[in-house]
Amino acid sequence: MAGFKDATAVVGIGQTSFARRLHESEKALACRAILAALDDAGIAPGKVDALASYTMEETDEVEVAKAVGLGDLTFFSKVGFGGGGSCATVAHLAAAVATGQATVGVAWRSRKRGSGPRPWRNTTAQLPTPAQWTRPFGLLRPVDEIGMLARRYMHEYGATRDHLFNVALACRNRANQNPAAIMYERPLTREMYMSSRWISEPLCLFDNCLETDGALACVVVSAERARDCRHRPVYVHSAAQGLPAQHHGMVNYWNDDPLTGPAWTAARHLWKHADLTPDDVDVAQIYDAFTPLVLLSLEGYGFCGKGEGGGFTEGGALEIGGRLPVNTGGGGLSEAYVHGFNLVTEGVRQLRGTSTAQVPGAATCLVTAGEGVPTSALLLRS
């Protein structure tokens, strides 16, 4: 890892608009985001020689490369497990560039989840093995699985719905500052939260991420080349993936402690190879498909002790000026849900100093991917 640390940088970011329904195809949205990221970096499409995305991405390398006019590709990869792969796409590119496999890498995610079907509604396909241990027993959707973990967490550690509200509110407050966010002009109050309908008790409507159409992309180059690009480089200081032993979907059935999820595994590797500690992190973009994931991630990545995630959120700790400002673009809960890639781009904006909810003097940012599934994380610095 000595050759990886700060050897590469994110130099371009791009995105489409976000909405519940966009008319363009996922391929068209992907191409728009990639071209916007390359323009942001000041790099021609023909210079790109590496791509990374998700296994759940419907637009493949061949079609994207032809449509955008990329050069000869010498590296391409895909990362599994949905939102757990967001940070890993950037990490794969960083490793490829740092080891000379490529010179200019692009990672992207394009998704029409708002206007598209819900994956779990397909009852004709045979269930994958993990789902055979959950869906027949009523855990039909991701929210049902996370709802079960949330109930156990509340039972064991005394966390309350007010703690979950603190997460939802922090994300909504930042979205209210972000004109690109779906919830830009829609404030959230405690009364609205507490009176909203259940989705899977104890998780209500506002504990769940948005359903969004949109696409995002970023460009990774060497630290040396980054100095000649248009914006201040944002260096990839450390990166990690995490798949704990005997892991099972979002429920961790076989673990001694189901509340010690993949974040703990990723965090050990992330901090081991960093010159920084959790105390050095100025701002965090924590994967928030559901509010309880933020509490679990705060603990997994070492910002507080086991069972202290709920209490950590009190007193405005997650707001600007708090102990750890989070999801400053609004996150998946209030900006857009595109499998967490907007957390990567917002982390870059924070360290460039261009966020709509800028943390004063931010020089380090933790970005995490989905907790509850095999995950990944990035430690970025300016």
# chains A, B, ... in the order shown; residues from 1 in each chain; ligands from 1

$ closest_atom_pairs --of "region 77-130 of chain A" --to "region 358-377 of chain A" --cutoff "12 Å" --atoms "only C-alpha atoms" --output "tab-separated table"
residue	atom	partner	partner_atom	distance
A:Val79	CA	A:Thr375	CA	9.9
A:Gly80	CA	A:Pro374	CA	8.2
A:Phe81	CA	A:Pro374	CA	6.3
A:Gly82	CA	A:Gly370	CA	7.9
A:Gly83	CA	A:Gly370	CA	4.9
A:Gly84	CA	A:Thr375	CA	4.0
A:Gly85	CA	A:Thr375	CA	6.2
A:Ser86	CA	A:Ala369	CA	5.6
A:Cys87	CA	A:Ala377	CA	5.2
A:Ala88	CA	A:Ser376	CA	5.4
A:Thr89	CA	A:Ser376	CA	9.0
A:Val90	CA	A:Ala377	CA	9.5
A:Ala91	CA	A:Ala377	CA	8.4
A:His92	CA	A:Ser376	CA	10.8
A:Pro130	CA	A:Val373	CA	11.7

$ residues_around --residues "Ser115 (chain A)" --least-positions-apart "2" --cutoff "9 Å" --atoms "only C-alpha atoms" --output "PyMOL selection string"
chain A and resi 20-22+112-113+117+211-213

$ residues_around --residues "Asp162 (chain A)" --least-positions-apart "2" --cutoff "9 Å" --atoms "only C-alpha atoms" --output "ChimeraX atom specification"
/A:159-160,164-167,190,194,310,314

$ write_last_selection --atoms "all heavy atoms" --output "PDB file, in the first residue's frame"
ATOM      1  N   ALA A 159     -31.249   2.851  21.457  1.00  0.00           N
ATOM      2  CA  ALA A 159     -31.431   3.884  20.441  1.00  0.00           C
ATOM      3  C   ALA A 159     -32.925   4.113  20.216  1.00  0.00           C
ATOM      4  O   ALA A 159     -33.751   3.219  20.417  1.00  0.00           O
ATOM      5  CB  ALA A 159     -30.758   3.480  19.144  1.00  0.00           C
ATOM      6  N   THR A 160     -33.272   5.316  19.789  1.00  0.00           N
ATOM      7  CA  THR A 160     -34.671   5.684  19.616  1.00  0.00           C
ATOM      8  C   THR A 160     -34.918   6.216  18.211  1.00  0.00           C
ATOM      9  O   THR A 160     -33.988   6.475  17.438  1.00  0.00           O
ATOM     10  CB  THR A 160     -35.069   6.780  20.621  1.00  0.00           C
ATOM     11  OG1 THR A 160     -34.366   7.994  20.286  1.00  0.00           O
ATOM     12  CG2 THR A 160     -34.712   6.362  22.047  1.00  0.00           C
ATOM     13  N   LEU A 164     -32.743   8.242  14.822  1.00  0.00           N
ATOM     14  CA  LEU A 164     -32.889   8.058  13.377  1.00  0.00           C
ATOM     15  C   LEU A 164     -33.339   9.359  12.725  1.00  0.00           C
ATOM     16  O   LEU A 164     -32.882   9.696  11.619  1.00  0.00           O
ATOM     17  CB  LEU A 164     -33.892   6.934  13.091  1.00  0.00           C
ATOM     18  CG  LEU A 164     -33.555   5.558  13.676  1.00  0.00           C
ATOM     19  CD1 LEU A 164     -34.620   4.546  13.279  1.00  0.00           C
ATOM     20  CD2 LEU A 164     -32.180   5.092  13.237  1.00  0.00           C
ATOM     21  N   PHE A 165     -34.200  10.093  13.405  1.00  0.00           N
ATOM     22  CA  PHE A 165     -34.631  11.390  12.886  1.00  0.00           C
ATOM     23  C   PHE A 165     -33.456  12.350  12.748  1.00  0.00           C
ATOM     24  O   PHE A 165     -33.378  13.124  11.787  1.00  0.00           O
ATOM     25  CB  PHE A 165     -35.696  11.989  13.806  1.00  0.00           C
ATOM     26  CG  PHE A 165     -35.980  13.452  13.533  1.00  0.00           C
ATOM     27  CD1 PHE A 165     -36.559  13.842  12.339  1.00  0.00           C
ATOM     28  CD2 PHE A 165     -35.648  14.421  14.469  1.00  0.00           C
ATOM     29  CE1 PHE A 165     -36.820  15.191  12.077  1.00  0.00           C
ATOM     30  CE2 PHE A 165     -35.891  15.760  14.220  1.00  0.00           C
ATOM     31  CZ  PHE A 165     -36.478  16.155  13.016  1.00  0.00           C
ATOM     32  N   ASN A 166     -32.529  12.302  13.691  1.00  0.00           N
ATOM     33  CA  ASN A 166     -31.361  13.183  13.603  1.00  0.00           C
ATOM     34  C   ASN A 166     -30.598  12.968  12.299  1.00  0.00           C
ATOM     35  O   ASN A 166     -30.095  13.914  11.688  1.00  0.00           O
ATOM     36  CB  ASN A 166     -30.425  12.937  14.787  1.00  0.00           C
ATOM     37  CG  ASN A 166     -31.006  13.404  16.111  1.00  0.00           C
ATOM     38  OD1 ASN A 166     -31.919  14.226  16.142  1.00  0.00           O
ATOM     39  ND2 ASN A 166     -30.489  12.861  17.204  1.00  0.00           N
ATOM     40  N   VAL A 167     -30.515  11.708  11.868  1.00  0.00           N
ATOM     41  CA  VAL A 167     -29.845  11.400  10.611  1.00  0.00           C
ATOM     42  C   VAL A 167     -30.639  11.952   9.434  1.00  0.00           C
ATOM     43  O   VAL A 167     -30.098  12.637   8.555  1.00  0.00           O
ATOM     44  CB  VAL A 167     -29.664   9.876  10.461  1.00  0.00           C
ATOM     45  CG1 VAL A 167     -29.096   9.535   9.082  1.00  0.00           C
ATOM     46  CG2 VAL A 167     -28.769   9.334  11.558  1.00  0.00           C
ATOM     47  N   ARG A 190     -39.693  17.379  12.759  1.00  0.00           N
ATOM     48  CA  ARG A 190     -39.869  16.205  13.608  1.00  0.00           C
ATOM     49  C   ARG A 190     -41.305  15.701  13.540  1.00  0.00           C
ATOM     50  O   ARG A 190     -41.548  14.494  13.521  1.00  0.00           O
ATOM     51  CB  ARG A 190     -39.480  16.530  15.048  1.00  0.00           C
ATOM     52  CG  ARG A 190     -39.520  15.319  15.978  1.00  0.00           C
ATOM     53  CD  ARG A 190     -39.106  15.678  17.396  1.00  0.00           C
ATOM     54  NE  ARG A 190     -39.048  14.502  18.249  1.00  0.00           N
ATOM     55  CZ  ARG A 190     -40.109  13.951  18.845  1.00  0.00           C
ATOM     56  NH1 ARG A 190     -41.313  14.475  18.668  1.00  0.00           N
ATOM     57  NH2 ARG A 190     -39.968  12.878  19.602  1.00  0.00           N
ATOM     58  N   MET A 194     -42.304  11.894  12.599  1.00  0.00           N
ATOM     59  CA  MET A 194     -42.963  11.003  13.555  1.00  0.00           C
ATOM     60  C   MET A 194     -44.365  10.582  13.110  1.00  0.00           C
ATOM     61  O   MET A 194     -44.858   9.530  13.531  1.00  0.00           O
ATOM     62  CB  MET A 194     -43.021  11.669  14.921  1.00  0.00           C
ATOM     63  CG  MET A 194     -41.659  11.832  15.586  1.00  0.00           C
ATOM     64  SD  MET A 194     -40.870  10.225  15.905  1.00  0.00           S
ATOM     65  CE  MET A 194     -39.277  10.754  16.563  1.00  0.00           C
ATOM     66  N   GLY A 310     -26.277   5.962  18.181  1.00  0.00           N
ATOM     67  CA  GLY A 310     -27.460   6.788  18.405  1.00  0.00           C
ATOM     68  C   GLY A 310     -27.123   8.046  19.173  1.00  0.00           C
ATOM     69  O   GLY A 310     -27.460   9.163  18.767  1.00  0.00           O
ATOM     70  N   GLU A 314     -26.723  13.127  18.705  1.00  0.00           N
ATOM     71  CA  GLU A 314     -27.428  14.148  19.488  1.00  0.00           C
ATOM     72  C   GLU A 314     -26.703  15.487  19.453  1.00  0.00           C
ATOM     73  O   GLU A 314     -25.506  15.572  19.174  1.00  0.00           O
ATOM     74  CB  GLU A 314     -27.571  13.665  20.932  1.00  0.00           C
ATOM     75  CG  GLU A 314     -28.449  12.417  21.077  1.00  0.00           C
ATOM     76  CD  GLU A 314     -28.419  11.840  22.489  1.00  0.00           C
ATOM     77  OE1 GLU A 314     -27.658  12.367  23.331  1.00  0.00           O
ATOM     78  OE2 GLU A 314     -29.141  10.844  22.726  1.00  0.00           O
TER      79      GLU A 314
END

$ residues_around --residues "Glu201 (chain A)" --least-positions-apart "5" --cutoff "10 Å" --atoms "only C-alpha atoms" --output "PDB file with N, CA, C and O atoms, in the first residue's frame"
ATOM      1  N   VAL A 143     -35.505  -2.929   2.909  1.00  0.00           N
ATOM      2  CA  VAL A 143     -35.969  -2.208   4.102  1.00  0.00           C
ATOM      3  C   VAL A 143     -36.435  -3.161   5.189  1.00  0.00           C
ATOM      4  O   VAL A 143     -36.301  -2.873   6.385  1.00  0.00           O
ATOM      5  N   ASP A 144     -36.968  -4.317   4.816  1.00  0.00           N
ATOM      6  CA  ASP A 144     -37.395  -5.286   5.822  1.00  0.00           C
ATOM      7  C   ASP A 144     -36.194  -5.871   6.555  1.00  0.00           C
ATOM      8  O   ASP A 144     -36.225  -6.081   7.772  1.00  0.00           O
ATOM      9  N   ILE A 146     -33.139  -4.429   6.871  1.00  0.00           N
ATOM     10  CA  ILE A 146     -32.534  -3.394   7.706  1.00  0.00           C
ATOM     11  C   ILE A 146     -33.456  -3.050   8.872  1.00  0.00           C
ATOM     12  O   ILE A 146     -32.981  -2.726   9.968  1.00  0.00           O
ATOM     13  N   GLY A 147     -34.754  -3.141   8.665  1.00  0.00           N
ATOM     14  CA  GLY A 147     -35.689  -2.909   9.767  1.00  0.00           C
ATOM     15  C   GLY A 147     -35.475  -3.889  10.903  1.00  0.00           C
ATOM     16  O   GLY A 147     -35.572  -3.525  12.086  1.00  0.00           O
ATOM     17  N   MET A 148     -35.179  -5.144  10.564  1.00  0.00           N
ATOM     18  CA  MET A 148     -34.924  -6.139  11.600  1.00  0.00           C
ATOM     19  C   MET A 148     -33.642  -5.804  12.365  1.00  0.00           C
ATOM     20  O   MET A 148     -33.613  -5.870  13.604  1.00  0.00           O
ATOM     21  N   ALA A 150     -32.364  -2.833  12.666  1.00  0.00           N
ATOM     22  CA  ALA A 150     -32.634  -1.603  13.425  1.00  0.00           C
ATOM     23  C   ALA A 150     -33.363  -1.922  14.730  1.00  0.00           C
ATOM     24  O   ALA A 150     -33.048  -1.356  15.784  1.00  0.00           O
ATOM     25  N   ARG A 151     -34.328  -2.823  14.670  1.00  0.00           N
ATOM     26  CA  ARG A 151     -35.070  -3.178  15.882  1.00  0.00           C
ATOM     27  C   ARG A 151     -34.134  -3.823  16.897  1.00  0.00           C
ATOM     28  O   ARG A 151     -34.208  -3.537  18.102  1.00  0.00           O
TER      29      ARG A 151
END

$ select_by_dssp --residues "region 165-208 of chain A" --states "helix (DSSP H, G or I)" --output "PyMOL selection string"
chain A and resi 165-175+190-195+205-207

$ write_last_selection --atoms "C-alpha atoms" --output "PDB file, in the first residue's frame"
ATOM      1  CA  PHE A 165     -34.631  11.390  12.886  1.00  0.00           C
ATOM      2  CA  ASN A 166     -31.361  13.183  13.603  1.00  0.00           C
ATOM      3  CA  VAL A 167     -29.845  11.400  10.611  1.00  0.00           C
ATOM      4  CA  ALA A 168     -32.781  12.124   8.326  1.00  0.00           C
ATOM      5  CA  LEU A 169     -32.861  15.765   9.403  1.00  0.00           C
ATOM      6  CA  ALA A 170     -29.150  16.363   8.845  1.00  0.00           C
ATOM      7  CA  CYS A 171     -29.411  14.988   5.319  1.00  0.00           C
ATOM      8  CA  ARG A 172     -32.553  16.993   4.564  1.00  0.00           C
ATOM      9  CA  ASN A 173     -31.038  20.201   5.924  1.00  0.00           C
ATOM     10  CA  ARG A 174     -28.089  19.833   3.580  1.00  0.00           C
ATOM     11  CA  ALA A 175     -30.380  19.019   0.645  1.00  0.00           C
ATOM     12  CA  ARG A 190     -39.869  16.205  13.608  1.00  0.00           C
ATOM     13  CA  GLU A 191     -43.669  16.204  13.437  1.00  0.00           C
ATOM     14  CA  MET A 192     -43.558  15.192   9.773  1.00  0.00           C
ATOM     15  CA  TYR A 193     -41.110  12.420  10.559  1.00  0.00           C
ATOM     16  CA  MET A 194     -42.963  11.003  13.555  1.00  0.00           C
ATOM     17  CA  SER A 195     -46.359  11.032  11.840  1.00  0.00           C
ATOM     18  CA  LEU A 205     -41.005   6.864   5.122  1.00  0.00           C
ATOM     19  CA  PHE A 206     -38.194   9.293   5.963  1.00  0.00           C
ATOM     20  CA  ASP A 207     -35.843   6.511   7.081  1.00  0.00           C
TER      21      ASP A 207
END

$ closest_atom_pairs --of "region 92-171 of chain A" --to "region 44-52 of chain A" --cutoff "10 Å" --atoms "only C-alpha atoms" --output "JSON lines"
{"residue": "A:His92", "atom": "CA", "partner": "A:Ala52", "partner_atom": "CA", "distance": 7.1}
{"residue": "A:Leu93", "atom": "CA", "partner": "A:Ala52", "partner_atom": "CA", "distance": 6.6}
{"residue": "A:Ala96", "atom": "CA", "partner": "A:Ala50", "partner_atom": "CA", "distance": 8.0}
{"residue": "A:Val97", "atom": "CA", "partner": "A:Ala50", "partner_atom": "CA", "distance": 8.6}
{"residue": "A:Gln101", "atom": "CA", "partner": "A:Ala50", "partner_atom": "CA", "distance": 8.4}
{"residue": "A:Ala102", "atom": "CA", "partner": "A:Asp49", "partner_atom": "CA", "distance": 5.9}
{"residue": "A:Thr103", "atom": "CA", "partner": "A:Asp49", "partner_atom": "CA", "distance": 6.5}
{"residue": "A:Val104", "atom": "CA", "partner": "A:Val48", "partner_atom": "CA", "distance": 4.9}
{"residue": "A:Gly105", "atom": "CA", "partner": "A:Ala50", "partner_atom": "CA", "distance": 4.4}
{"residue": "A:Val106", "atom": "CA", "partner": "A:Leu51", "partner_atom": "CA", "distance": 5.0}
{"residue": "A:Ala107", "atom": "CA", "partner": "A:Ala52", "partner_atom": "CA", "distance": 4.7}
{"residue": "A:Trp108", "atom": "CA", "partner": "A:Ala52", "partner_atom": "CA", "distance": 6.9}
{"residue": "A:Arg109", "atom": "CA", "partner": "A:Ala52", "partner_atom": "CA", "distance": 9.3}

$ write_last_selection --atoms "N, CA and C atoms" --output "compact mmCIF listing (two decimals), in the first residue's frame"
# COMPACT_ATOMS: atom_id res chain seq x y z
N HIS A 92 -10.48 0.75 -7.42
CA HIS A 92 -9.94 -0.09 -8.48
C HIS A 92 -9.19 0.77 -9.50
N LEU A 93 -9.77 1.90 -9.87
CA LEU A 93 -9.10 2.78 -10.81
C LEU A 93 -7.80 3.33 -10.22
N ALA A 96 -5.19 0.73 -10.42
CA ALA A 96 -4.74 0.53 -11.79
C ALA A 96 -3.79 1.64 -12.22
N VAL A 97 -4.13 2.87 -11.90
CA VAL A 97 -3.27 4.00 -12.28
C VAL A 97 -1.97 3.96 -11.49
N GLN A 101 -1.17 0.26 -14.86
CA GLN A 101 -2.06 -0.45 -15.77
C GLN A 101 -2.87 0.50 -16.64
N ALA A 102 -2.99 1.75 -16.20
CA ALA A 102 -3.77 2.74 -16.93
C ALA A 102 -3.29 4.13 -16.55
N THR A 103 -3.75 5.13 -17.30
CA THR A 103 -3.36 6.51 -17.01
C THR A 103 -4.53 7.41 -16.67
N VAL A 104 -5.69 7.16 -17.29
CA VAL A 104 -6.88 7.96 -17.04
C VAL A 104 -8.06 7.01 -16.85
N GLY A 105 -8.64 7.02 -15.67
CA GLY A 105 -9.74 6.13 -15.37
C GLY A 105 -11.03 6.88 -15.12
N VAL A 106 -12.13 6.27 -15.51
CA VAL A 106 -13.47 6.83 -15.26
C VAL A 106 -14.33 5.78 -14.57
N ALA A 107 -14.94 6.17 -13.47
CA ALA A 107 -15.93 5.34 -12.79
C ALA A 107 -17.28 6.02 -12.93
N TRP A 108 -18.34 5.24 -13.03
CA TRP A 108 -19.66 5.84 -13.20
C TRP A 108 -20.76 4.93 -12.66
N ARG A 109 -21.91 5.54 -12.46
CA ARG A 109 -23.13 4.79 -12.14
C ARG A 109 -24.31 5.50 -12.78

$ select_by_dssp --residues "region 79-190 of chain A" --states "strand (DSSP E)" --output "VMD selection string"
chain A and resid 79 104 to 112

$ residues_around --residues "Glu58 (chain A)" --least-positions-apart "6" --cutoff "10 Å" --atoms "only C-alpha atoms" --output "PyMOL selection string"
chain A and resi 26-27+30+109-112

$ closest_residue --among "A:Ala289, A:Ile13, A:Val281, A:Val344" --to "Pro325 (chain A)" --atoms "only C-alpha atoms"
A:Val281

$ residues_around --residues "Leu149 (chain A)" --least-positions-apart "6" --cutoff "9 Å" --atoms "only C-alpha atoms" --output "list of chain:residue names"
A:Met250, A:Val251, A:Asn252, A:Pro258, A:Leu259, A:Pro292

$ write_last_selection --atoms "all heavy atoms" --output "short mmCIF file (atom, residue, chain, number, x, y, z; two decimals), in the first residue's frame"
data_model
loop_
_atom_site.label_atom_id
_atom_site.label_comp_id
_atom_site.auth_asym_id
_atom_site.auth_seq_id
_atom_site.Cartn_x
_atom_site.Cartn_y
_atom_site.Cartn_z
N MET A 250 -27.97 -8.68 4.16
CA MET A 250 -28.11 -7.53 5.05
C MET A 250 -28.47 -7.94 6.47
O MET A 250 -28.63 -7.09 7.34
CB MET A 250 -29.18 -6.59 4.51
CG MET A 250 -28.86 -6.00 3.17
SD MET A 250 -30.07 -4.76 2.68
CE MET A 250 -29.54 -4.41 1.01
N VAL A 251 -28.59 -9.23 6.72
CA VAL A 251 -29.09 -9.67 8.02
C VAL A 251 -28.02 -10.28 8.91
O VAL A 251 -28.22 -10.43 10.12
CB VAL A 251 -30.25 -10.68 7.84
CG1 VAL A 251 -31.46 -10.00 7.23
CG2 VAL A 251 -29.83 -11.85 6.96
N ASN A 252 -26.88 -10.67 8.31
CA ASN A 252 -25.78 -11.23 9.10
C ASN A 252 -26.24 -12.38 10.01
O ASN A 252 -25.84 -12.47 11.16
CB ASN A 252 -25.12 -10.14 9.97
CG ASN A 252 -24.29 -9.18 9.14
OD1 ASN A 252 -24.05 -9.40 7.96
ND2 ASN A 252 -23.88 -8.10 9.76
N PRO A 258 -24.72 -9.71 14.70
CA PRO A 258 -25.21 -9.19 13.42
C PRO A 258 -25.03 -7.68 13.26
O PRO A 258 -25.11 -7.18 12.14
CB PRO A 258 -26.70 -9.56 13.45
CG PRO A 258 -26.80 -10.70 14.40
CD PRO A 258 -25.77 -10.43 15.45
N LEU A 259 -24.80 -6.98 14.36
CA LEU A 259 -24.65 -5.53 14.29
C LEU A 259 -23.20 -5.11 14.03
O LEU A 259 -22.91 -3.92 13.93
CB LEU A 259 -25.16 -4.88 15.58
CG LEU A 259 -26.64 -5.15 15.88
CD1 LEU A 259 -27.04 -4.54 17.22
CD2 LEU A 259 -27.54 -4.62 14.77
N PRO A 292 -30.61 3.80 9.80
CA PRO A 292 -29.81 3.01 10.76
C PRO A 292 -28.42 2.69 10.25
O PRO A 292 -27.50 2.47 11.06
CB PRO A 292 -30.63 1.73 10.95
CG PRO A 292 -32.01 2.07 10.54
CD PRO A 292 -31.87 3.10 9.47
#

$ residues_around --residues "Ile182 (chain A)" --least-positions-apart "3" --cutoff "8 Å" --atoms "only C-alpha atoms" --output "list in words"
Phe18, Ala19, Ala175, Ser334, Glu335 and Ala336 of chain A

$ write_last_selection --atoms "N, CA and C atoms" --output "PDB file, in the first residue's frame"
ATOM      1  N   PHE A  18     -31.196  15.031 -11.401  1.00  0.00           N
ATOM      2  CA  PHE A  18     -31.849  13.950 -10.665  1.00  0.00           C
ATOM      3  C   PHE A  18     -33.359  14.182 -10.671  1.00  0.00           C
ATOM      4  N   ALA A  19     -34.104  13.107 -10.822  1.00  0.00           N
ATOM      5  CA  ALA A  19     -35.567  13.221 -10.816  1.00  0.00           C
ATOM      6  C   ALA A  19     -36.171  11.849 -10.570  1.00  0.00           C
ATOM      7  N   ALA A 175     -29.695  18.999   1.939  1.00  0.00           N
ATOM      8  CA  ALA A 175     -30.380  19.019   0.645  1.00  0.00           C
ATOM      9  C   ALA A 175     -31.085  20.350   0.427  1.00  0.00           C
ATOM     10  N   SER A 334     -31.939  12.425   0.723  1.00  0.00           N
ATOM     11  CA  SER A 334     -32.562  13.693   0.342  1.00  0.00           C
ATOM     12  C   SER A 334     -31.988  14.351  -0.913  1.00  0.00           C
ATOM     13  N   GLU A 335     -30.819  13.932  -1.393  1.00  0.00           N
ATOM     14  CA  GLU A 335     -30.339  14.475  -2.676  1.00  0.00           C
ATOM     15  C   GLU A 335     -30.791  13.577  -3.812  1.00  0.00           C
ATOM     16  N   ALA A 336     -30.281  12.364  -3.844  1.00  0.00           N
ATOM     17  CA  ALA A 336     -30.626  11.381  -4.866  1.00  0.00           C
ATOM     18  C   ALA A 336     -30.071  10.044  -4.425  1.00  0.00           C
TER      19      ALA A 336
END

$ closest_atom_pairs --of "region 187-268 of chain A" --to "region 340-343 of chain A" --cutoff "9 Å" --atoms "only C-alpha atoms" --output "tab-separated table"
residue	atom	partner	partner_atom	distance
A:Ala215	CA	A:Phe341	CA	8.5
A:Leu216	CA	A:Phe341	CA	6.5
A:Ala217	CA	A:Phe341	CA	7.7

$ closest_residue --among "A:Gln350, A:Ile43, A:Thr55, A:Lys66" --to "Arg232 (chain A)" --atoms "only C-alpha atoms"
A:Gln350

$ atom_distance --atom1 "CA of Val326 (chain A)" --atom2 "CA of Met154 (chain A)"
21.6 Å

$ closest_residue --among "A:Gly305, A:Pro233, A:Gly214, A:Gly315" --to "Ala181 (chain A)" --atoms "only C-alpha atoms"
A:Gly214

$ closest_residue --among "A:Leu70, A:Ala180, A:Ala125, A:Val236" --to "Gln15 (chain A)" --atoms "only C-alpha atoms"
A:Ala180

$ atom_distance --atom1 "CA of Ala65 (chain A)" --atom2 "CA of Thr345 (chain A)"
21.5 Å

$ closest_residue --among "A:Tyr301, A:Leu295, A:Arg141, A:Lys78" --to "Thr313 (chain A)" --atoms "only C-alpha atoms"
A:Leu295

$ closest_residue --among "A:Ile199, A:Cys218, A:Ala41, A:Ala98" --to "Ser53 (chain A)" --atoms "only C-alpha atoms"
A:Cys218
